[in-house]
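What follows is a short report on a single structure.
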Amino acid sequence: MATESAFISGACSRTAHAVDSLDQHAVAMAMGNLVGLYDPSEQTGLRGIHSALRGHTQRVNCCRFAHNAQGSPIPVLLSGSADTTARVWEKHGSWQCTAVLEGHGSAVIALDAIALSEDLVLIATASTDGTVRIWQHRLCIREQTPTDAQPKTRSAVQILDVGARSSLAVALTELPDDRTIVLASGNTDSRIHMFTRACDESARFSKCLTLSGHEDWVTSLDFVRSANQDGQNAATAHWGASDVVLASASQDRYVRLWRISPAAGVSDDGRAGAQAMLDACSAALGSADIAAQLTTRAHTLEAVSAQANAHAVTLDSVLIGHDGWVHSVRWRPGPTLVTASADGSAISWEPDADAGVWASAARLGASGGGASGFLGAVPVGQSLVLAHGYHGSMHLWRLDSNNLWVPSPAPSGHFAPVRDVCWDPRGHCVLTASADQTTRLFAPVGEQDIWREIARPQIHGYDMRCAVFTSPVEYVAGADEKVVRVFRATKTFAESWHTLTGQTLDVDLQTLAAGASLPVLGLSNKAVARTGEAEENEEEKANDTYSMRQTHTDVAAQALAAAREGPPLEEHLMRGTLWPESDKLYAHAYEIHSIASARSGRWVATACRATADRHASVRLYATPQTPGGPWPQPTVLAAHSLTVTRMRFSPLNDQHLLTVSRDRSWALFSRDSSSSSSDDAPFKLSVHHKRAHARIIWDAAWSPDSAFFATASRDKTVKLWSTAAPNTAPITISFPESVTAIDFVPEAVPAGSPRYALAAALESGRIFVLTAAVPAEKNAIPTAWSPTELPSSCTHVTTVNRLAWCPRSQNSDQTEWLLASASDDNTLRINFVQLC
């Protein structure tokens, strides 16, 4: 059995230092408990995240590539996590964790590293425990290392006192021609604390000075060495070849540039007069703030040894352009500085030769600010800028041949646990529901069938719990609310679907709304019509005008009504891909927990959270005969006493409805197949097995021929039950952990002799695929199952909430299948599994 990862979807961690780049082909991003690797180059950028590094047990807060003395990144990656550790990853063919840095008492939130020699790296980590710790790591310089080698545990060589406030950012650099290492720490006391040490392995940092000027927390720091500048550019003409410039960002909305230069090269000519002017201005206004914030006095960095030189630190520039907190600063050779802010913009700053000051060369992002803004932005090579937002969204801009920054598709995914995943009836796309209050649609696009997010049909006010398709253009979703909502696709989506996939939806476009919008403070997506599609009377126009004032996406939805070419951008996904609600189903007293749809789309079953018999009943709906029509009143199916965790219709003729519950029992509801009107025959309780498992039953699945069904439980077993004789003893398959999700391949796999294939996922994120030959005896259950565990590179690191096989095979002999999995690690994975 061969397995290959086809798609990984996940969101960036909601932290300022979550993304870094090695070069234009390698970007690392914190992604829940994982470190995602992404190639943003134009040839492969659409593929998104291609692999994920696992090892941390809690959220990864920061990622950073180590750099050499010149500031160029090297292939050594560091990650810091809420599990109080940092990890060192080295690339030897593939990325491998070679060291774990233990010692902090709380989450690691910032780090940096510099190479002292070919095989020695100096690392600084900052934590919410109020300390900055220094580590030294000896690199493994061999070409290959064993993939199963255990990482070494490192202890800090020094713990720095950064004052009464915590450090939010750290940066390391080496002063040119001096072999002096400088560490800068940006703190919540609004100051930058500077430490120096020699490059010797035995040397230690000592605090030398504190830089004041910012009025709020210092959030990001980055060093750059001064290159040979054009003497005609007055903004940088005074920078010397031995100078180092530190950029600092703060929540006071300003960016400051501090120049570190040899003390002998700093002249006080002109500085005394400028400082006198500032002092006089402060005195006239009765405040010392101006002089403190814009002081031009030189601060001295003492020499760390007799061979080293003293250096001076002076404020070089103050960059004003953001309207919100500045979360990150990153240098790019040029020099160019990229900053990201909560005002929703990322600015590329360059020295203006004509004006002699630093000016904004490009302002990237939404005009007027985006939702919660950007948490960080990094330059990737010379022609890319990658930013990430508060909700884990990624934004990518490319510099085109006209020297203009053009938005490009970037990876996307959920930033909270993914609770459900289902395939559309034709097997062309998957729909996910997440605790981040969204449902998202993913599909392979283009000639190469690259998986991308193509729509975000629902952006809700409650955490999403479950979703199922009833047809290729309609799905039913449940959230942590009492209402079940029905959604239908839009004309815009149908047109975009054809453009992206080359396929046509089998639906009358006249029955679809043009678009959808979400009212402010509302939960229901409203249909939007294209201009000129229908005549409106004066009252309708007035109502529409009121609606336009009350919604924040109507204008955008109408402007984006025309189908776009290429995968949608994050901005378009947030505003232009909503699906309107076609109905609401009210039948439950508590929050919706599970939904199931018959394969034919004829029936939909819903269940809610329950602690008593009267609330644990299932509501069964017959779907409307007319697409988009009203839904009839449901039928009540009672059996359980606690929450129904999963419901599954049998794949053959929707003859049975299987339900499993927290009360450790399963129930089978069946229709009378002998009736002349069997399609409309009601479901009735046929069997209720009250003590099916010793613990909660999490999931259930039907064999493709409906001869038997499986139940998965916290008691670490999967049990197989006969449909024809459900009261007989089941076949029990044991696992090392709680089984949280199962699913059968929709058809028997004809490899030699027909076989069943069952996927089972565990609480730890492991996934197994079990196969067994189809018995010659009709309706018999196989007793010999052969398990194969999927490689860790294709599985999750926490609980798997749902497994779903694609309804159609990927080849003619039905041996190649796609398996989708949703997990509490915030990721959706789609794996290519060859059952041979």
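Here's how to read the names in the structure tokens: chain A, B, ... by the order shown, residue numbers from 1 in each chain, ligand numbers from 1 in the order shown.
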Counting only C-alpha atoms, what is within 7 Å of Arg662 of chain A, bar same-chain residues fewer than 6 positions away, as number ranges by chain?
-> A: 642-645, 696-697
Would you put the residues from that selection into a file with C-alpha atoms, as a PDB file, in the first residue's frame?
ATOM      1  CA  LEU A 642     -27.620  10.954  25.275  1.00  0.00           C
ATOM      2  CA  THR A 643     -26.125  12.921  22.371  1.00  0.00           C
ATOM      3  CA  VAL A 644     -26.174  11.174  19.010  1.00  0.00           C
ATOM      4  CA  THR A 645     -22.564  11.496  17.856  1.00  0.00           C
ATOM      5  CA  ILE A 696     -18.632   6.397  24.075  1.00  0.00           C
ATOM      6  CA  ILE A 697     -19.176   5.495  20.417  1.00  0.00           C
TER       7      ILE A 697
END
Contact residues around Val660 of chain A with only C-alpha atoms at 8 Å, ignoring same-chain residues under 6 positions, as a VMD selection string | chain A and resid 644 to 647 666 to 667 697 to 700 711
Written file, previous selection with all heavy atoms, as an mmCIF file, in the first residue's frame:
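Below is the file that was written, out-v9.cif:
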data_model
loop_
_atom_site.group_PDB
_atom_site.id
_atom_site.type_symbol
_atom_site.label_atom_id
_atom_site.label_comp_id
_atom_site.auth_asym_id
_atom_site.auth_seq_id
_atom_site.Cartn_x
_atom_site.Cartn_y
_atom_site.Cartn_z
ATOM 1 N N VAL A 644 -26.482 12.015 20.167
ATOM 2 C CA VAL A 644 -26.174 11.174 19.010
ATOM 3 C C VAL A 644 -24.927 11.755 18.346
ATOM 4 O O VAL A 644 -24.938 12.886 17.859
ATOM 5 C CB VAL A 644 -27.347 11.132 18.019
ATOM 6 C CG1 VAL A 644 -26.965 10.365 16.760
ATOM 7 C CG2 VAL A 644 -28.570 10.493 18.676
ATOM 8 N N THR A 645 -23.849 10.989 18.339
ATOM 9 C CA THR A 645 -22.564 11.496 17.856
ATOM 10 C C THR A 645 -22.376 11.350 16.352
ATOM 11 O O THR A 645 -21.617 12.098 15.737
ATOM 12 C CB THR A 645 -21.406 10.777 18.568
ATOM 13 O OG1 THR A 645 -21.565 9.360 18.385
ATOM 14 C CG2 THR A 645 -21.415 11.102 20.051
ATOM 15 N N ARG A 646 -23.084 10.375 15.733
ATOM 16 C CA ARG A 646 -22.886 10.147 14.304
ATOM 17 C C ARG A 646 -24.094 9.409 13.745
ATOM 18 O O ARG A 646 -24.683 8.553 14.420
ATOM 19 C CB ARG A 646 -21.615 9.318 14.084
ATOM 20 C CG ARG A 646 -21.220 9.136 12.617
ATOM 21 C CD ARG A 646 -20.609 10.380 12.050
ATOM 22 N NE ARG A 646 -19.767 10.070 10.894
ATOM 23 C CZ ARG A 646 -19.847 10.683 9.729
ATOM 24 N NH1 ARG A 646 -20.731 11.651 9.542
ATOM 25 N NH2 ARG A 646 -19.025 10.374 8.742
ATOM 26 N N MET A 647 -24.470 9.750 12.517
ATOM 27 C CA MET A 647 -25.559 9.090 11.805
ATOM 28 C C MET A 647 -25.081 8.767 10.394
ATOM 29 O O MET A 647 -24.420 9.590 9.764
ATOM 30 C CB MET A 647 -26.786 9.993 11.753
ATOM 31 C CG MET A 647 -27.314 10.388 13.126
ATOM 32 S SD MET A 647 -28.645 11.603 13.031
ATOM 33 C CE MET A 647 -27.751 13.053 12.481
ATOM 34 N N TRP A 666 -25.984 1.713 19.760
ATOM 35 C CA TRP A 666 -26.312 2.072 18.397
ATOM 36 C C TRP A 666 -27.741 1.644 18.104
ATOM 37 O O TRP A 666 -28.289 0.736 18.742
ATOM 38 C CB TRP A 666 -25.344 1.464 17.390
ATOM 39 C CG TRP A 666 -25.213 -0.042 17.382
ATOM 40 C CD1 TRP A 666 -24.209 -0.780 17.937
ATOM 41 C CD2 TRP A 666 -26.116 -0.993 16.774
ATOM 42 N NE1 TRP A 666 -24.416 -2.128 17.724
ATOM 43 C CE2 TRP A 666 -25.571 -2.285 16.998
ATOM 44 C CE3 TRP A 666 -27.297 -0.883 16.058
ATOM 45 C CZ2 TRP A 666 -26.189 -3.447 16.552
ATOM 46 C CZ3 TRP A 666 -27.922 -2.034 15.604
ATOM 47 C CH2 TRP A 666 -27.366 -3.305 15.841
ATOM 48 N N ALA A 667 -28.352 2.340 17.146
ATOM 49 C CA ALA A 667 -29.735 2.037 16.759
ATOM 50 C C ALA A 667 -29.820 1.974 15.245
ATOM 51 O O ALA A 667 -29.141 2.730 14.537
ATOM 52 C CB ALA A 667 -30.703 3.085 17.305
ATOM 53 N N ILE A 697 -19.359 5.837 21.827
ATOM 54 C CA ILE A 697 -19.176 5.495 20.417
ATOM 55 C C ILE A 697 -19.047 6.795 19.636
ATOM 56 O O ILE A 697 -19.957 7.635 19.646
ATOM 57 C CB ILE A 697 -20.363 4.662 19.881
ATOM 58 C CG1 ILE A 697 -20.576 3.421 20.746
ATOM 59 C CG2 ILE A 697 -20.119 4.271 18.431
ATOM 60 C CD1 ILE A 697 -21.776 2.588 20.329
ATOM 61 N N TRP A 698 -17.918 6.972 18.955
ATOM 62 C CA TRP A 698 -17.643 8.223 18.262
ATOM 63 C C TRP A 698 -18.100 8.223 16.809
ATOM 64 O O TRP A 698 -18.507 9.258 16.291
ATOM 65 C CB TRP A 698 -16.143 8.525 18.291
ATOM 66 C CG TRP A 698 -15.597 8.998 19.602
ATOM 67 C CD1 TRP A 698 -14.555 8.461 20.292
ATOM 68 C CD2 TRP A 698 -16.048 10.105 20.387
ATOM 69 N NE1 TRP A 698 -14.320 9.157 21.462
ATOM 70 C CE2 TRP A 698 -15.225 10.176 21.537
ATOM 71 C CE3 TRP A 698 -17.074 11.038 20.243
ATOM 72 C CZ2 TRP A 698 -15.398 11.147 22.522
ATOM 73 C CZ3 TRP A 698 -17.243 12.011 21.227
ATOM 74 C CH2 TRP A 698 -16.414 12.056 22.351
ATOM 75 N N ASP A 699 -18.011 7.085 16.130
ATOM 76 C CA ASP A 699 -18.262 7.107 14.694
ATOM 77 C C ASP A 699 -18.840 5.775 14.239
ATOM 78 O O ASP A 699 -18.810 4.771 14.971
ATOM 79 C CB ASP A 699 -16.968 7.404 13.925
ATOM 80 C CG ASP A 699 -17.221 8.022 12.558
ATOM 81 O OD1 ASP A 699 -18.407 8.139 12.163
ATOM 82 O OD2 ASP A 699 -16.247 8.381 11.881
ATOM 83 N N ALA A 700 -19.369 5.782 13.021
ATOM 84 C CA ALA A 700 -19.927 4.580 12.422
ATOM 85 C C ALA A 700 -19.770 4.665 10.912
ATOM 86 O O ALA A 700 -19.640 5.759 10.351
ATOM 87 C CB ALA A 700 -21.403 4.430 12.794
ATOM 88 N N THR A 711 -18.699 0.249 14.048
ATOM 89 C CA THR A 711 -18.802 1.301 15.063
ATOM 90 C C THR A 711 -17.444 1.466 15.733
ATOM 91 O O THR A 711 -16.738 0.479 15.982
ATOM 92 C CB THR A 711 -19.861 0.939 16.128
ATOM 93 O OG1 THR A 711 -19.563 -0.339 16.692
ATOM 94 C CG2 THR A 711 -21.251 0.912 15.506
#
Name all residues at most 12 Å from Ala776 of chain A (count only C-alpha atoms; drop same-chain ones fewer than 5 positions away) and give them as a ChimeraX atom specification.
-> /A:753-755,781-782
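In this model, the gap between atom CA of Lys91 of chain A and atom CA of Leu139 of chain A comes to 10.5 Å.
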With only C-alpha atoms counted and 10 Å as the cut-off, give the residues of segment 93-208 of chain A in contact with segment 213-221 of chain A, each with its shortest interatomic distance in Å and the pair that gives it, as CSV.
residue,atom,partner,partner_atom,distance
A:Ala110,CA,A:Ser220,CA,9.1
A:Arg165,CA,A:Trp217,CA,9.9
A:Ser166,CA,A:Trp217,CA,9.8
A:Ser167,CA,A:Val218,CA,8.5
A:Leu168,CA,A:Thr219,CA,5.6
A:Ala169,CA,A:Ser220,CA,5.1
A:Val170,CA,A:Leu221,CA,6.4
A:Ala171,CA,A:Leu221,CA,5.9
A:Leu172,CA,A:Leu221,CA,9.3
A:Ala184,CA,A:Leu221,CA,7.5
A:Ser185,CA,A:Leu221,CA,7.8
A:Gly186,CA,A:Val218,CA,4.9
A:Asn187,CA,A:Val218,CA,5.5
A:Thr188,CA,A:Trp217,CA,4.4
A:Asp189,CA,A:Trp217,CA,6.2
A:Ser190,CA,A:Trp217,CA,4.5
A:Arg191,CA,A:His214,CA,6.6
A:Ile192,CA,A:Val218,CA,7.3
Atom pair atom CA of Ser360 of chain A + atom CA of Ile347 of chain A, distance 6.3 Å
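By only C-alpha atoms, and with residues fewer than 4 positions from Gly36 of chain A along its chain excluded, the set lying at most 7 Å from it is Ala28, Met29, Ala30, Met31, Ile49, Ser51, Ala52 and Leu53 of chain A.
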